[in-house]
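Have a look at data-v7.json; it's JSON, C-alpha atoms:
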[["chain", "number", "residue", "atom", "x", "y", "z"],
["R", 1, "MET", "CA", -9.58, -41.21, -3.12],
["R", 2, "SER", "CA", -13.16, -42.15, -3.90],
["R", 3, "MET", "CA", -14.96, -45.08, -2.25],
["R", 4, "HIS", "CA", -17.21, -47.52, -4.06],
["R", 5, "LEU", "CA", -20.18, -49.07, -2.27],
["R", 6, "GLU", "CA", -22.83, -51.47, -3.51],
["R", 7, "ALA", "CA", -26.51, -50.84, -2.83],
["R", 8, "THR", "CA", -28.82, -53.81, -2.30],
["R", 9, "LEU", "CA", -32.33, -54.21, -3.67],
["R", 10, "ALA", "CA", -34.70, -53.19, -0.87],
["R", 11, "ILE", "CA", -38.07, -53.37, -2.67],
["R", 12, "ASP", "CA", -38.48, -55.24, -5.95],
["R", 13, "ALA", "CA", -41.13, -52.76, -7.12],
["R", 14, "ARG", "CA", -40.60, -53.28, -10.88],
["R", 15, "ASN", "CA", -41.64, -49.71, -11.58],
["R", 16, "THR", "CA", -41.61, -48.48, -15.17],
["R", 17, "ILE", "CA", -40.23, -45.10, -14.05],
["R", 18, "GLY", "CA", -39.51, -45.21, -10.32],
["R", 19, "GLU", "CA", -38.93, -41.65, -9.12],
["R", 20, "SER", "CA", -39.32, -38.95, -6.47],
["R", 21, "PRO", "CA", -38.20, -40.81, -3.32],
["R", 22, "LEU", "CA", -38.73, -39.00, -0.03],
["R", 23, "TRP", "CA", -38.52, -39.91, 3.63],
["R", 24, "ASP", "CA", -41.58, -39.14, 5.75],
["R", 25, "ALA", "CA", -40.08, -38.86, 9.24],
["R", 26, "ALA", "CA", -43.42, -38.34, 10.99],
["R", 27, "ASN", "CA", -44.73, -41.67, 9.71],
["R", 28, "THR", "CA", -41.39, -43.54, 9.40],
["R", 29, "ARG", "CA", -42.04, -44.44, 5.79],
["R", 30, "LEU", "CA", -40.54, -44.06, 2.35],
["R", 31, "ILE", "CA", -42.74, -42.55, -0.36],
["R", 32, "TRP", "CA", -41.92, -42.80, -4.05],
["R", 33, "CYS", "CA", -43.70, -42.93, -7.42],
["R", 34, "ASP", "CA", -43.98, -44.86, -10.63],
["R", 35, "ASN", "CA", -44.32, -41.79, -12.80],
["R", 36, "ALA", "CA", -45.31, -43.65, -15.96],
["R", 37, "HIS", "CA", -48.45, -45.12, -14.37],
["R", 38, "GLY", "CA", -49.27, -42.46, -11.78],
["R", 39, "ILE", "CA", -48.75, -44.80, -8.84],
["R", 40, "ILE", "CA", -47.62, -43.41, -5.48],
["R", 41, "GLN", "CA", -46.08, -46.04, -3.22],
["R", 42, "GLU", "CA", -45.34, -46.36, 0.47],
["R", 43, "GLY", "CA", -42.51, -48.50, 1.83],
["R", 44, "LYS", "CA", -41.91, -49.60, 5.40],
["R", 45, "SER", "CA", -39.44, -51.90, 7.13],
["R", 46, "ASP", "CA", -40.23, -54.82, 9.41],
["R", 47, "ASP", "CA", -38.56, -55.59, 12.75],
["R", 48, "ASN", "CA", -35.66, -57.25, 10.94],
["R", 49, "GLY", "CA", -35.00, -54.22, 8.76],
["R", 50, "ASN", "CA", -36.48, -55.76, 5.62],
["R", 51, "TRP", "CA", -38.29, -53.30, 3.38],
["R", 52, "PHE", "CA", -41.65, -53.96, 1.74],
["R", 53, "GLN", "CA", -44.26, -52.01, -0.20],
["R", 54, "SER", "CA", -47.02, -51.32, 2.31],
["R", 55, "ARG", "CA", -49.52, -49.18, 0.37],
["R", 56, "ARG", "CA", -50.12, -47.69, -3.06],
["R", 57, "TRP", "CA", -52.39, -45.08, -4.59],
["R", 58, "ASN", "CA", -53.07, -45.18, -8.34],
["R", 59, "LEU", "CA", -53.92, -41.91, -10.10],
["R", 60, "ASN", "CA", -53.99, -43.59, -13.53],
["R", 61, "ARG", "CA", -52.16, -40.71, -15.22],
["R", 62, "HIS", "CA", -48.57, -39.68, -15.85],
["R", 63, "ILE", "CA", -47.13, -37.83, -12.86],
["R", 64, "GLY", "CA", -43.89, -35.96, -12.21],
["R", 65, "GLY", "CA", -43.40, -36.51, -8.50],
["R", 66, "VAL", "CA", -44.77, -36.07, -5.02],
["R", 67, "VAL", "CA", -44.07, -34.09, -1.82],
["R", 68, "LEU", "CA", -45.42, -34.44, 1.70],
["R", 69, "ARG", "CA", -47.89, -31.94, 3.07],
["R", 70, "THR", "CA", -47.86, -30.51, 6.60],
["R", 71, "ASN", "CA", -51.66, -30.69, 6.79],
["R", 72, "GLY", "CA", -51.71, -34.36, 5.82],
["R", 73, "GLY", "CA", -51.44, -36.34, 2.62],
["R", 74, "VAL", "CA", -49.21, -35.36, -0.28],
["R", 75, "VAL", "CA", -49.06, -32.92, -3.18],
["R", 76, "VAL", "CA", -48.72, -34.60, -6.58],
["R", 77, "ALA", "CA", -47.41, -32.92, -9.73],
["R", 78, "ALA", "CA", -49.48, -34.43, -12.56],
["R", 79, "GLY", "CA", -49.18, -32.95, -16.04],
["R", 80, "THR", "CA", -49.64, -29.25, -15.33],
["R", 81, "ASP", "CA", -51.87, -29.87, -12.30],
["R", 82, "LEU", "CA", -50.89, -29.79, -8.65],
["R", 83, "LEU", "CA", -53.19, -32.08, -6.72],
["R", 84, "ILE", "CA", -53.64, -32.81, -3.03],
["R", 85, "LEU", "CA", -54.02, -36.53, -2.32],
["R", 86, "ASN", "CA", -55.03, -37.69, 1.15],
["R", 87, "ASP", "CA", -54.30, -41.11, 2.64],
["R", 88, "GLU", "CA", -57.80, -42.29, 1.71],
["R", 89, "GLY", "CA", -57.05, -41.56, -1.94],
["R", 90, "ASP", "CA", -59.27, -38.48, -2.30],
["R", 91, "ILE", "CA", -57.94, -35.89, -4.76],
["R", 92, "THR", "CA", -58.39, -32.11, -4.45],
["R", 93, "PRO", "CA", -57.10, -29.69, -7.14],
["R", 94, "PHE", "CA", -54.69, -27.13, -5.67],
["R", 95, "ALA", "CA", -53.02, -25.15, -8.47],
["R", 96, "GLN", "CA", -52.29, -25.27, -12.18],
["R", 97, "LEU", "CA", -49.12, -24.31, -14.01],
["R", 98, "ASP", "CA", -49.45, -21.76, -16.80],
["R", 99, "ALA", "CA", -48.57, -24.20, -19.58],
["R", 100, "ASP", "CA", -50.40, -26.29, -22.17],
["R", 101, "PRO", "CA", -50.82, -29.85, -20.80],
["R", 102, "LYS", "CA", -50.84, -31.17, -24.36],
["R", 103, "GLN", "CA", -47.26, -29.92, -24.73],
["R", 104, "ILE", "CA", -45.74, -29.68, -21.23],
["R", 105, "ARG", "CA", -45.69, -31.80, -18.06],
["R", 106, "ALA", "CA", -44.14, -31.64, -14.62],
["R", 107, "ASN", "CA", -41.06, -33.77, -14.09],
["R", 108, "ASP", "CA", -39.78, -33.16, -10.56],
["R", 109, "ILE", "CA", -41.03, -31.49, -7.39],
["R", 110, "LYS", "CA", -39.63, -30.65, -3.96],
["R", 111, "SER", "CA", -40.35, -28.35, -1.03],
["R", 112, "ASP", "CA", -37.76, -25.75, -0.08],
["R", 113, "PRO", "CA", -36.70, -25.38, 3.59],
["R", 114, "GLN", "CA", -39.50, -22.82, 4.09],
["R", 115, "GLY", "CA", -42.16, -25.26, 2.82],
["R", 116, "ARG", "CA", -42.78, -23.71, -0.63],
["R", 117, "LEU", "CA", -43.14, -25.97, -3.67],
["R", 118, "TRP", "CA", -40.66, -26.03, -6.57],
["R", 119, "VAL", "CA", -41.72, -27.78, -9.76],
["R", 120, "GLY", "CA", -39.82, -28.24, -13.03],
["R", 121, "THR", "CA", -41.25, -29.20, -16.41],
["R", 122, "LEU", "CA", -40.28, -30.63, -19.79],
["R", 123, "GLY", "CA", -41.93, -31.03, -23.17],
["R", 124, "ASN", "CA", -44.14, -34.09, -23.67],
["R", 125, "ASP", "CA", -42.28, -34.53, -26.95],
["R", 126, "ILE", "CA", -38.69, -33.37, -26.71],
["R", 127, "LEU", "CA", -37.61, -34.71, -30.10],
["R", 128, "THR", "CA", -38.44, -33.56, -33.60],
["R", 129, "SER", "CA", -39.39, -36.15, -36.22],
["R", 130, "SER", "CA", -35.75, -36.14, -37.34],
["R", 131, "GLY", "CA", -34.53, -36.91, -33.82],
["R", 132, "LYS", "CA", -33.29, -33.46, -32.79],
["R", 133, "VAL", "CA", -33.99, -32.21, -29.27],
["R", 134, "ILE", "CA", -36.48, -29.36, -28.98],
["R", 135, "GLU", "CA", -34.70, -27.22, -26.41],
["R", 136, "GLY", "CA", -36.14, -24.80, -23.87],
["R", 137, "GLN", "CA", -39.79, -25.88, -23.71],
["R", 138, "GLY", "CA", -39.74, -26.34, -19.94],
["R", 139, "ALA", "CA", -39.47, -24.08, -16.91],
["R", 140, "LEU", "CA", -38.97, -24.05, -13.16],
["R", 141, "TYR", "CA", -41.74, -22.70, -10.92],
["R", 142, "ARG", "CA", -42.15, -21.76, -7.27],
["R", 143, "ILE", "CA", -45.60, -22.30, -5.75],
["R", 144, "ASP", "CA", -46.27, -20.39, -2.53],
["R", 145, "LEU", "CA", -48.41, -21.60, 0.35],
["R", 146, "ASP", "CA", -51.52, -19.87, -1.03],
["R", 147, "GLY", "CA", -51.08, -21.43, -4.47],
["R", 148, "THR", "CA", -49.51, -18.38, -6.14],
["R", 149, "ILE", "CA", -47.21, -19.53, -8.94],
["R", 150, "THR", "CA", -44.02, -17.70, -9.98],
["R", 151, "THR", "CA", -41.83, -18.68, -12.94],
["R", 152, "MET", "CA", -38.24, -18.87, -11.68],
["R", 153, "LEU", "CA", -36.43, -20.16, -14.78],
["R", 154, "LYS", "CA", -37.38, -20.34, -18.44],
["R", 155, "ASN", "CA", -35.69, -22.13, -21.37],
["R", 156, "VAL", "CA", -35.35, -25.41, -19.49],
["R", 157, "THR", "CA", -35.20, -28.56, -21.61],
["R", 158, "LEU", "CA", -35.47, -31.45, -19.13],
["R", 159, "SER", "CA", -35.99, -30.25, -15.56],
["R", 160, "ASN", "CA", -34.81, -32.77, -12.99],
["R", 161, "GLY", "CA", -33.07, -32.92, -9.60],
["R", 162, "LEU", "CA", -33.26, -30.06, -7.13],
["R", 163, "ASP", "CA", -32.26, -29.56, -3.50],
["R", 164, "TRP", "CA", -30.88, -27.02, -1.04],
["R", 165, "GLY", "CA", -27.67, -26.82, 0.95],
["R", 166, "SER", "CA", -27.89, -27.44, 4.70],
["R", 167, "ASP", "CA", -27.95, -23.75, 5.63],
["R", 168, "GLY", "CA", -30.55, -22.98, 2.97],
["R", 169, "SER", "CA", -28.44, -20.40, 1.12],
["R", 170, "THR", "CA", -27.56, -22.55, -1.93],
["R", 171, "PHE", "CA", -29.90, -24.17, -4.46],
["R", 172, "TYR", "CA", -28.75, -27.04, -6.69],
["R", 173, "TYR", "CA", -30.53, -27.76, -9.95],
["R", 174, "VAL", "CA", -30.33, -30.17, -12.89],
["R", 175, "ASP", "CA", -31.47, -29.62, -16.45],
["R", 176, "SER", "CA", -30.54, -33.12, -17.66],
["R", 177, "HIS", "CA", -30.06, -31.98, -21.24],
["R", 178, "THR", "CA", -27.05, -29.89, -20.16],
["R", 179, "LEU", "CA", -25.33, -32.95, -18.57],
["R", 180, "ALA", "CA", -24.61, -30.68, -15.61],
["R", 181, "VAL", "CA", -25.58, -29.57, -12.11],
["R", 182, "ASP", "CA", -25.94, -25.82, -11.58],
["R", 183, "MET", "CA", -25.95, -23.91, -8.32],
["R", 184, "PHE", "CA", -27.63, -20.64, -7.33],
["R", 185, "ASP", "CA", -27.62, -18.30, -4.38],
["R", 186, "PHE", "CA", -30.92, -18.79, -2.56],
["R", 187, "ASP", "CA", -32.77, -15.97, -0.83],
["R", 188, "ALA", "CA", -34.73, -17.97, 1.72],
["R", 189, "THR", "CA", -36.94, -15.10, 2.85],
["R", 190, "HIS", "CA", -38.27, -14.29, -0.61],
["R", 191, "GLY", "CA", -37.70, -17.65, -2.33],
["R", 192, "ILE", "CA", -35.53, -16.10, -5.05],
["R", 193, "ILE", "CA", -32.60, -17.70, -6.91],
["R", 194, "SER", "CA", -29.72, -15.72, -8.41],
["R", 195, "ASN", "CA", -26.06, -15.91, -9.51],
["R", 196, "ARG", "CA", -26.33, -19.15, -11.49],
["R", 197, "SER", "CA", -23.05, -21.01, -11.90],
["R", 198, "ARG", "CA", -21.92, -24.45, -13.02],
["R", 199, "PHE", "CA", -21.24, -26.87, -10.15],
["R", 200, "LEU", "CA", -20.55, -30.09, -12.08],
["R", 201, "THR", "CA", -20.35, -31.08, -15.72],
["R", 202, "PHE", "CA", -20.45, -34.70, -16.89],
["R", 203, "ASP", "CA", -18.83, -36.05, -20.02],
["R", 204, "LYS", "CA", -20.93, -37.85, -22.60],
["R", 205, "GLY", "CA", -21.08, -41.50, -21.60],
["R", 206, "GLU", "CA", -20.82, -40.91, -17.83],
["R", 207, "GLY", "CA", -24.60, -41.03, -17.50],
["R", 208, "VAL", "CA", -27.40, -38.49, -17.56],
["R", 209, "PRO", "CA", -27.78, -36.45, -14.33],
["R", 210, "ASN", "CA", -31.21, -36.97, -12.81],
["R", 211, "GLY", "CA", -32.41, -36.70, -9.20],
["R", 212, "LEU", "CA", -30.14, -35.46, -6.41],
["R", 213, "THR", "CA", -30.00, -34.92, -2.67],
["R", 214, "VAL", "CA", -27.71, -32.95, -0.32],
["R", 215, "ASP", "CA", -26.52, -34.53, 2.94],
["R", 216, "HIS", "CA", -25.84, -32.96, 6.35],
["R", 217, "GLN", "CA", -22.22, -32.19, 5.37],
["R", 218, "ASP", "CA", -23.36, -30.41, 2.18],
["R", 219, "ASN", "CA", -22.12, -33.23, -0.03],
["R", 220, "ILE", "CA", -24.16, -33.73, -3.20],
["R", 221, "TRP", "CA", -25.43, -37.19, -4.19],
["R", 222, "ILE", "CA", -26.65, -37.49, -7.77],
["R", 223, "ALA", "CA", -28.21, -40.37, -9.71],
["R", 224, "LEU", "CA", -26.66, -40.78, -13.16],
["R", 225, "MET", "CA", -29.16, -42.47, -15.46],
["R", 226, "GLY", "CA", -27.49, -45.08, -17.64],
["R", 227, "SER", "CA", -24.52, -45.58, -15.33],
["R", 228, "GLY", "CA", -26.20, -47.52, -12.52],
["R", 229, "GLU", "CA", -24.45, -45.16, -10.09],
["R", 230, "VAL", "CA", -25.22, -42.52, -7.52],
["R", 231, "ARG", "CA", -22.14, -40.32, -7.30],
["R", 232, "HIS", "CA", -21.10, -38.46, -4.18],
["R", 233, "TYR", "CA", -19.39, -35.07, -4.48],
["R", 234, "SER", "CA", -17.95, -32.65, -1.94],
["R", 235, "PRO", "CA", -19.27, -29.06, -1.77],
["R", 236, "ALA", "CA", -16.20, -28.16, -3.86],
["R", 237, "GLY", "CA", -17.21, -30.60, -6.60],
["R", 238, "GLU", "CA", -14.64, -33.32, -5.83],
["R", 239, "LEU", "CA", -15.77, -36.90, -6.48],
["R", 240, "LEU", "CA", -15.80, -38.66, -3.09],
["R", 241, "GLY", "CA", -17.42, -41.94, -3.99],
["R", 242, "LYS", "CA", -19.88, -44.01, -5.98],
["R", 243, "VAL", "CA", -22.82, -46.13, -4.92],
["R", 244, "ILE", "CA", -23.32, -48.87, -7.48],
["R", 245, "THR", "CA", -26.59, -50.69, -8.22],
["R", 246, "SER", "CA", -27.37, -53.75, -10.32],
["R", 247, "THR", "CA", -29.36, -51.81, -12.92],
["R", 248, "PRO", "CA", -28.22, -48.99, -15.25],
["R", 249, "ALA", "CA", -31.39, -46.90, -15.01],
["R", 250, "VAL", "CA", -31.06, -45.18, -11.62],
["R", 251, "THR", "CA", -33.31, -42.12, -11.39],
["R", 252, "SER", "CA", -33.12, -40.41, -8.00],
["R", 253, "CYS", "CA", -32.01, -40.75, -4.38],
["R", 254, "THR", "CA", -32.79, -39.55, -0.87],
["R", 255, "PHE", "CA", -31.62, -40.12, 2.68],
["R", 256, "GLY", "CA", -34.01, -41.70, 5.16],
["R", 257, "GLY", "CA", -34.52, -44.40, 7.74],
["R", 258, "LEU", "CA", -34.83, -43.86, 11.48],
["R", 259, "HIS", "CA", -31.42, -42.17, 11.73],
["R", 260, "GLY", "CA", -31.36, -40.57, 8.27],
["R", 261, "ASP", "CA", -28.32, -42.68, 7.34],
["R", 262, "GLU", "CA", -29.87, -44.93, 4.69],
["R", 263, "LEU", "CA", -29.59, -43.84, 1.06],
["R", 264, "PHE", "CA", -32.60, -44.93, -1.00],
["R", 265, "ILE", "CA", -32.22, -45.08, -4.79],
["R", 266, "THR", "CA", -35.09, -45.40, -7.26],
["R", 267, "SER", "CA", -34.78, -46.86, -10.75],
["R", 268, "ALA", "CA", -36.65, -47.38, -14.00],
["R", 269, "GLY", "CA", -37.69, -50.80, -15.26],
["R", 270, "ARG", "CA", -38.01, -49.99, -18.94],
["R", 271, "LYS", "CA", -35.56, -49.83, -21.78],
["R", 272, "LEU", "CA", -33.82, -46.47, -21.77],
["R", 273, "PRO", "CA", -34.83, -44.19, -24.65],
["R", 274, "ASP", "CA", -32.47, -44.25, -27.65],
["R", 275, "ILE", "CA", -31.77, -40.55, -27.06],
["R", 276, "THR", "CA", -29.71, -41.50, -23.99],
["R", 277, "LYS", "CA", -27.38, -43.39, -26.34],
["R", 278, "THR", "CA", -27.38, -41.17, -29.43],
["R", 279, "LEU", "CA", -27.27, -37.80, -27.69],
["R", 280, "TYR", "CA", -25.84, -38.40, -24.22],
["R", 281, "GLY", "CA", -23.43, -41.25, -24.90],
["R", 282, "VAL", "CA", -24.92, -43.96, -22.66],
["R", 283, "SER", "CA", -23.50, -47.30, -23.80],
["R", 284, "GLU", "CA", -25.41, -49.66, -26.05],
["R", 285, "GLU", "CA", -24.97, -52.35, -23.40],
["R", 286, "ALA", "CA", -26.60, -50.20, -20.70],
["R", 287, "VAL", "CA", -29.53, -49.29, -22.94],
["R", 288, "GLU", "CA", -30.13, -52.92, -23.88],
["R", 289, "ARG", "CA", -29.80, -54.15, -20.28],
["R", 290, "SER", "CA", -31.84, -51.43, -18.59],
["R", 291, "ALA", "CA", -35.24, -53.18, -18.76],
["R", 292, "THR", "CA", -34.05, -56.64, -17.73],
["R", 293, "ALA", "CA", -31.16, -56.01, -15.30],
["R", 294, "PRO", "CA", -31.55, -57.53, -11.82],
["R", 295, "GLY", "CA", -33.70, -55.19, -9.71],
["R", 296, "ALA", "CA", -34.68, -52.95, -12.64],
["R", 297, "GLY", "CA", -37.47, -50.66, -11.48],
["R", 298, "GLY", "CA", -36.76, -51.42, -7.84],
["R", 299, "VAL", "CA", -35.75, -49.35, -4.82],
["R", 300, "PHE", "CA", -32.18, -49.88, -3.63],
["R", 301, "VAL", "CA", -30.65, -49.00, -0.27],
["R", 302, "CYS", "CA", -27.23, -48.70, 1.34],
["R", 303, "ARG", "CA", -25.61, -47.11, 4.38],
["R", 304, "PRO", "CA", -22.85, -44.92, 2.94],
["R", 305, "GLY", "CA", -21.60, -43.50, 6.23],
["R", 306, "HIS", "CA", -23.39, -40.17, 5.76],
["R", 307, "SER", "CA", -26.82, -38.93, 6.72],
["R", 308, "GLY", "CA", -29.30, -36.44, 5.34],
["R", 309, "ARG", "CA", -32.51, -34.61, 6.06],
["R", 310, "ALA", "CA", -35.99, -36.06, 5.90],
["R", 311, "ALA", "CA", -38.27, -34.43, 3.33],
["R", 312, "THR", "CA", -39.59, -30.94, 4.06],
["R", 313, "PRO", "CA", -43.39, -31.00, 3.74],
["R", 314, "PHE", "CA", -45.29, -28.38, 1.75],
["R", 315, "ALA", "CA", -46.59, -25.96, 4.36],
["R", 316, "GLY", "CA", -49.73, -24.90, 2.45]]

If you convert what's in this file into structure tokens, what do you get?
Amino acid sequence: MSMHLEATLAIDARNTIGESPLWDAANTRLIWCDNAHGIIQEGKSDDNGNWFQSRRWNLNRHIGGVVLRTNGGVVVAAGTDLLILNDEGDITPFAQLDADPKQIRANDIKSDPQGRLWVGTLGNDILTSSGKVIEGQGALYRIDLDGTITTMLKNVTLSNGLDWGSDGSTFYYVDSHTLAVDMFDFDATHGIISNRSRFLTFDKGEGVPNGLTVDHQDNIWIALMGSGEVRHYSPAGELLGKVITSTPAVTSCTFGGLHGDELFITSAGRKLPDITKTLYGVSEEAVERSATAPGAGGVFVCRPGHSGRAATPFAG
């Protein structure tokens, strides 16, 4: 039997596209982005456990996400560029994906358990003039510590959530256009994925799978854009519960807090694109409400009775 929990609004950030939440254990802070405006944000809690936005860095360009860096600062995926941003706001170019920035941009980024970067992309325009999806423009890349880039998957349409099982031998991955979560065997030593299989498939109208995280028990938590829910599945794919927010446009989630038992959920504060309705079955009501719902674009939090890992920093 699945359990339903309600998340509360922790930070009323009013982001246009809130995304890429991660917990920085070394500095006891939450980091997340507003991808639409290129703003990286830091959240902290006061002595009473109330969350607030403590700092922000504005890159003034569309970004796809952010990861921590062992040597300080963060790595930002921006267009086809990977940039190092320090706490003072200084930017250093690090690597560049082999793609045309006029056509392709990064959309999600994470570090694997060994500290390598994984970045997925999508087309800047994914629709034809007649409203059909242009499939397969994107890819998934691995970036090693020295900046070497390897293409891991091609023919991706809308690269999104990614994470690893607790023993590091399984890789979970979302191409949102497929309305599914796939899983791979993960060779940790060489950073290679193989044996792709379908882990979960969603029906049209359930929401569009977006960001995900894996907890200490290997349960998968996935944000379903358009549903207002983060769903919680067992390693066997059984629905265990739902975390419900006040806004339809949830985007991603991560575990954090001092004990790793707080689930943070980011959201978008804009009207969902019509494609979510016409192609993926999100309800008219959700699309219309997405920009104005209570807490839209904010960061939500709950304690679901599970805990997860803090973010792995990029080791390069």

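Atom CA of R:Asn15 lies 28.3 Å from atom CA of R:Arg142.
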
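You will find atom CA of R:His259 at 18.9 Å from atom CA of R:Leu68.
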
Which polymer residues, protein or nucleic acid, are no farther than 10 Å from (-29.7, -48.1, -24.6), counting all atoms listed in the file, as a tab-separated table (two decimals) with C-alpha atoms, in the coordinates of the input?
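The file below, result35.tsv, is the result:
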chain	number	residue	atom	x	y	z
R	226	GLY	CA	-27.49	-45.08	-17.64
R	248	PRO	CA	-28.22	-48.99	-15.25
R	249	ALA	CA	-31.39	-46.90	-15.01
R	271	LYS	CA	-35.56	-49.83	-21.78
R	272	LEU	CA	-33.82	-46.47	-21.77
R	273	PRO	CA	-34.83	-44.19	-24.65
R	274	ASP	CA	-32.47	-44.25	-27.65
R	275	ILE	CA	-31.77	-40.55	-27.06
R	276	THR	CA	-29.71	-41.50	-23.99
R	277	LYS	CA	-27.38	-43.39	-26.34
R	278	THR	CA	-27.38	-41.17	-29.43
R	281	GLY	CA	-23.43	-41.25	-24.90
R	282	VAL	CA	-24.92	-43.96	-22.66
R	283	SER	CA	-23.50	-47.30	-23.80
R	284	GLU	CA	-25.41	-49.66	-26.05
R	285	GLU	CA	-24.97	-52.35	-23.40
R	286	ALA	CA	-26.60	-50.20	-20.70
R	287	VAL	CA	-29.53	-49.29	-22.94
R	288	GLU	CA	-30.13	-52.92	-23.88
R	289	ARG	CA	-29.80	-54.15	-20.28
R	290	SER	CA	-31.84	-51.43	-18.59
R	291	ALA	CA	-35.24	-53.18	-18.76

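Take the candidates R:Trp221, R:Thr28, R:Gln53, R:Asn86 and check each one against R:Asn71 using only C-alpha atoms; the shortest distance goes to R:Asn86.
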
Return the single residue from R:Val76, R:Ile143, R:Val156, R:Ala10 that is closest to R:Leu97, with distances computed using all atoms listed in the file.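 The shortest atom-to-atom distance to R:Leu97 comes from R:Ile143.
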
For R:Gly256, the nearest of the candidates R:Ala78, R:Leu158, R:Ala310, R:Leu83, counting only C-alpha atoms: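 With only C-alpha atoms as the atom set, the closest residue is R:Ala310.
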
List every protein, DNA or RNA residue that has an atom no more than 12 Å from (-35.3, -37.6, -9.5) in the file's coordinate frame, counting only C-alpha atoms, and report them as a PDB file with C-alpha atoms, in the coordinates of the input.
ATOM      1  CA  ILE R  17     -40.230 -45.100 -14.050  1.00  0.00           C
ATOM      2  CA  GLY R  18     -39.510 -45.210 -10.320  1.00  0.00           C
ATOM      3  CA  GLU R  19     -38.930 -41.650  -9.120  1.00  0.00           C
ATOM      4  CA  SER R  20     -39.320 -38.950  -6.470  1.00  0.00           C
ATOM      5  CA  PRO R  21     -38.200 -40.810  -3.320  1.00  0.00           C
ATOM      6  CA  LEU R  22     -38.730 -39.000  -0.030  1.00  0.00           C
ATOM      7  CA  TRP R  32     -41.920 -42.800  -4.050  1.00  0.00           C
ATOM      8  CA  CYS R  33     -43.700 -42.930  -7.420  1.00  0.00           C
ATOM      9  CA  ASP R  34     -43.980 -44.860 -10.630  1.00  0.00           C
ATOM     10  CA  ASN R  35     -44.320 -41.790 -12.800  1.00  0.00           C
ATOM     11  CA  GLY R  64     -43.890 -35.960 -12.210  1.00  0.00           C
ATOM     12  CA  GLY R  65     -43.400 -36.510  -8.500  1.00  0.00           C
ATOM     13  CA  VAL R  66     -44.770 -36.070  -5.020  1.00  0.00           C
ATOM     14  CA  ALA R 106     -44.140 -31.640 -14.620  1.00  0.00           C
ATOM     15  CA  ASN R 107     -41.060 -33.770 -14.090  1.00  0.00           C
ATOM     16  CA  ASP R 108     -39.780 -33.160 -10.560  1.00  0.00           C
ATOM     17  CA  ILE R 109     -41.030 -31.490  -7.390  1.00  0.00           C
ATOM     18  CA  LYS R 110     -39.630 -30.650  -3.960  1.00  0.00           C
ATOM     19  CA  VAL R 119     -41.720 -27.780  -9.760  1.00  0.00           C
ATOM     20  CA  GLY R 120     -39.820 -28.240 -13.030  1.00  0.00           C
ATOM     21  CA  LEU R 158     -35.470 -31.450 -19.130  1.00  0.00           C
ATOM     22  CA  SER R 159     -35.990 -30.250 -15.560  1.00  0.00           C
ATOM     23  CA  ASN R 160     -34.810 -32.770 -12.990  1.00  0.00           C
ATOM     24  CA  GLY R 161     -33.070 -32.920  -9.600  1.00  0.00           C
ATOM     25  CA  LEU R 162     -33.260 -30.060  -7.130  1.00  0.00           C
ATOM     26  CA  ASP R 163     -32.260 -29.560  -3.500  1.00  0.00           C
ATOM     27  CA  TYR R 173     -30.530 -27.760  -9.950  1.00  0.00           C
ATOM     28  CA  VAL R 174     -30.330 -30.170 -12.890  1.00  0.00           C
ATOM     29  CA  ASP R 175     -31.470 -29.620 -16.450  1.00  0.00           C
ATOM     30  CA  SER R 176     -30.540 -33.120 -17.660  1.00  0.00           C
ATOM     31  CA  VAL R 208     -27.400 -38.490 -17.560  1.00  0.00           C
ATOM     32  CA  PRO R 209     -27.780 -36.450 -14.330  1.00  0.00           C
ATOM     33  CA  ASN R 210     -31.210 -36.970 -12.810  1.00  0.00           C
ATOM     34  CA  GLY R 211     -32.410 -36.700  -9.200  1.00  0.00           C
ATOM     35  CA  LEU R 212     -30.140 -35.460  -6.410  1.00  0.00           C
ATOM     36  CA  THR R 213     -30.000 -34.920  -2.670  1.00  0.00           C
ATOM     37  CA  TRP R 221     -25.430 -37.190  -4.190  1.00  0.00           C
ATOM     38  CA  ILE R 222     -26.650 -37.490  -7.770  1.00  0.00           C
ATOM     39  CA  ALA R 223     -28.210 -40.370  -9.710  1.00  0.00           C
ATOM     40  CA  LEU R 224     -26.660 -40.780 -13.160  1.00  0.00           C
ATOM     41  CA  MET R 225     -29.160 -42.470 -15.460  1.00  0.00           C
ATOM     42  CA  VAL R 230     -25.220 -42.520  -7.520  1.00  0.00           C
ATOM     43  CA  ALA R 249     -31.390 -46.900 -15.010  1.00  0.00           C
ATOM     44  CA  VAL R 250     -31.060 -45.180 -11.620  1.00  0.00           C
ATOM     45  CA  THR R 251     -33.310 -42.120 -11.390  1.00  0.00           C
ATOM     46  CA  SER R 252     -33.120 -40.410  -8.000  1.00  0.00           C
ATOM     47  CA  CYS R 253     -32.010 -40.750  -4.380  1.00  0.00           C
ATOM     48  CA  THR R 254     -32.790 -39.550  -0.870  1.00  0.00           C
ATOM     49  CA  PHE R 264     -32.600 -44.930  -1.000  1.00  0.00           C
ATOM     50  CA  ILE R 265     -32.220 -45.080  -4.790  1.00  0.00           C
ATOM     51  CA  THR R 266     -35.090 -45.400  -7.260  1.00  0.00           C
ATOM     52  CA  SER R 267     -34.780 -46.860 -10.750  1.00  0.00           C
ATOM     53  CA  ALA R 268     -36.650 -47.380 -14.000  1.00  0.00           C
TER      54      ALA R 268
END

Please report, as CSV, each residue of stretch 47-127 of chain R lying at most 12 Å from stretch 147-151 of chain R, together with the nearest pair of atoms and the separation in Å rounded to one decimal; use all atoms listed in the file, and order rows by chain and ascending residue number.
residue,atom,partner,partner_atom,distance
R:Val75,CA,R:Gly147,CA,11.7
R:Thr80,CA,R:Ile149,CA,11.9
R:Asp81,CA,R:Gly147,CA,11.5
R:Leu82,CA,R:Gly147,CA,9.3
R:Leu83,CA,R:Gly147,CA,11.1
R:Ile84,CA,R:Gly147,CA,11.8
R:Pro93,CA,R:Gly147,CA,10.6
R:Phe94,CA,R:Gly147,CA,6.9
R:Ala95,CA,R:Gly147,CA,5.8
R:Gln96,CA,R:Ile149,CA,8.3
R:Leu97,CA,R:Ile149,CA,7.2
R:Asp98,CA,R:Ile149,CA,8.5
R:Ala99,CA,R:Thr151,CA,11.0
R:Arg116,CA,R:Gly147,CA,9.4
R:Leu117,CA,R:Gly147,CA,9.2
R:Trp118,CA,R:Ile149,CA,9.5
R:Val119,CA,R:Thr151,CA,9.6
R:Gly120,CA,R:Thr151,CA,9.8
R:Thr121,CA,R:Thr151,CA,11.1
